[in-house]
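Here the structure comes first, spelled out in structure tokens, and everything after it is commentary.
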Amino acid sequence: MVDIREQSPLSLAFVGDAVYSLYIREYFVKTKRYNINTLNKMTVQYVSAHGQFMALELIKDMLTEEEAGFAKRGQNASKASVAKHASVAEYRASTGFECLLGYLELTGQRERIEHIIGFILENLKFE
């Protein structure tokens with residue numbers, strides 16, 4: 001078995017991206033009846049590089065030292081490309097956010113994930 005703490009930040013971000021997307025999708029499907037186009041538009045606001053950048057900014061003060069370290073590792077990971085609708089800073093921060101969630105998921109910290117994402121959903125609103 002691989003020690004998750006030694007795993008590549010981009011591998012952790014790969015998992016974290018899926019985790020965040022699933023939580024956000026589930027939240028919107030469980031809270032109200034929306035048509036599929038509305039569900040997609042609402043989800044994209046949160047899971048886009050810009051949305052994840054904003055989410056990380058919102059939660060950074062509530063992270064433990066270890067969690068902040070994983071977010072930083074993800075931010076510093078080199079990537080070959082940048083999303084066309086995001087700045088380099090947003091894209092790097094979103095990778096850090098995904099890395100954090102991937103680390104939490106792969107170490108079985110679901111309650112912490114739910115707390116973090118719940119805080120984001122309560123405090124991050126898009127128009």
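Going by the structure tokens order, chains are called A, B, ..., each with residues numbered from 1, while ligands are numbered from 1 in the order shown.
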
Per-residue nearest contacts segment 10-65 of chain A to segment 92-96 of chain A, cut-off 6 Å, using only C-alpha atoms, as a tab-separated table:
```
residue	atom	partner	partner_atom	distance
A:Ala13	CA	A:Thr95	CA	6.0
A:Ala49	CA	A:Ser94	CA	5.2
A:Gln52	CA	A:Ser94	CA	4.9
A:Phe53	CA	A:Ser94	CA	5.0
```

Dump as CSV the rows for residues of segment 43-123 of chain A within 8 Å of segment 19-27 of chain A: closest atom pair and distance in Å with one decimal, only C-alpha atoms counted, ordered by chain and rising residue number.
```
residue,atom,partner,partner_atom,distance
A:Thr43,CA,A:Arg25,CA,6.3
A:Tyr46,CA,A:Ile24,CA,7.4
A:Val47,CA,A:Ser21,CA,6.1
A:Glu98,CA,A:Tyr20,CA,7.6
A:Leu101,CA,A:Val19,CA,7.1
A:Gly102,CA,A:Val19,CA,7.3
A:Glu105,CA,A:Val19,CA,7.6
A:Ile117,CA,A:Tyr23,CA,7.7
```

Selected residue of minimal separation from Leu10 of chain A among A:Leu104, A:Ile59, A:Leu121, A:Cys99, counting only C-alpha atoms: A:Cys99

When you count only C-alpha atoms, which of these residues is closest to Gln45 of chain A: A:Leu124, A:Gly69, A:Lys84, A:Thr31?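 For Gln45 of chain A, the nearest of the given residues is A:Leu124.
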
Filtered DSSP result for segment 41-103 of chain A, state helix (DSSP H, G or I), as a ChimeraX atom specification: /A:41-47,49-62,65-76,88-103

Need the shell around Ser11 of chain A: protein/DNA/RNA residues with any atom at most 12 Å away, counting only C-alpha atoms. Skip same-chain ones fewer than 4 positions apart. Format as a ChimeraX atom specification? /A:2,4-7,15-18,70,73-74,77,79,95-96,98-103,106

Using the selection just defined, write its residues with C-alpha atoms as a PDB file, in the first residue's frame.
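Written output follows (result.pdb):
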```pdb
ATOM      1  CA  VAL A   2       1.243   3.486  -0.876  1.00  0.00           C
ATOM      2  CA  ILE A   4      -0.789   8.794   0.930  1.00  0.00           C
ATOM      3  CA  ARG A   5       1.504  11.450   2.417  1.00  0.00           C
ATOM      4  CA  GLU A   6       4.109  10.494  -0.176  1.00  0.00           C
ATOM      5  CA  GLN A   7       1.701  10.456  -3.100  1.00  0.00           C
ATOM      6  CA  VAL A  15      -9.150  12.284  -6.449  1.00  0.00           C
ATOM      7  CA  GLY A  16     -10.056  15.578  -4.773  1.00  0.00           C
ATOM      8  CA  ASP A  17     -11.595  16.941  -7.966  1.00  0.00           C
ATOM      9  CA  ALA A  18     -13.956  13.957  -8.133  1.00  0.00           C
ATOM     10  CA  PHE A  70      -1.252  19.621   1.434  1.00  0.00           C
ATOM     11  CA  ARG A  73       1.873  21.182  -2.092  1.00  0.00           C
ATOM     12  CA  GLY A  74      -0.958  21.132  -4.615  1.00  0.00           C
ATOM     13  CA  ALA A  77       2.722  21.285  -8.260  1.00  0.00           C
ATOM     14  CA  LYS A  79       0.979  21.609 -14.467  1.00  0.00           C
ATOM     15  CA  THR A  95      -5.155  22.351  -7.633  1.00  0.00           C
ATOM     16  CA  GLY A  96      -4.193  23.000  -4.010  1.00  0.00           C
ATOM     17  CA  GLU A  98      -8.301  19.529  -4.855  1.00  0.00           C
ATOM     18  CA  CYS A  99      -5.078  18.134  -3.376  1.00  0.00           C
ATOM     19  CA  LEU A 100      -6.361  18.890   0.130  1.00  0.00           C
ATOM     20  CA  LEU A 101      -9.677  17.127  -0.526  1.00  0.00           C
ATOM     21  CA  GLY A 102      -7.901  14.161  -2.122  1.00  0.00           C
ATOM     22  CA  TYR A 103      -5.665  13.811   0.923  1.00  0.00           C
ATOM     23  CA  LEU A 106      -7.740   8.957   0.918  1.00  0.00           C
TER      24      LEU A 106
END
```

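Distances here use only C-alpha atoms; by that measure, the residue among A:Leu56, A:Asn76, A:Glu66, A:Glu90 closest to Ile116 of chain A is A:Leu56.
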
In Å and to one decimal, atom CA of Leu39 of chain A is distant from atom CA of Leu58 of chain A by 22.8 Å

Quick check, in Å to one decimal: how far apart do atom CA of Thr107 of chain A and atom CA of Met62 of chain A lie?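 For atom CA of Thr107 of chain A relative to atom CA of Met62 of chain A, the distance reads 18.7 Å.
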
One number please: atom CA of Phe126 of chain A to atom CA of Met54 of chain A, in Å, one decimal. 10.5 Å

Which one is closest to Ala71 of chain A: A:Arg110, A:Met1, A:Ile120, A:Glu57? Count only C-alpha atoms.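 Nearest candidate to Ala71 of chain A out of A:Arg110, A:Met1, A:Ile120, A:Glu57: A:Glu57.
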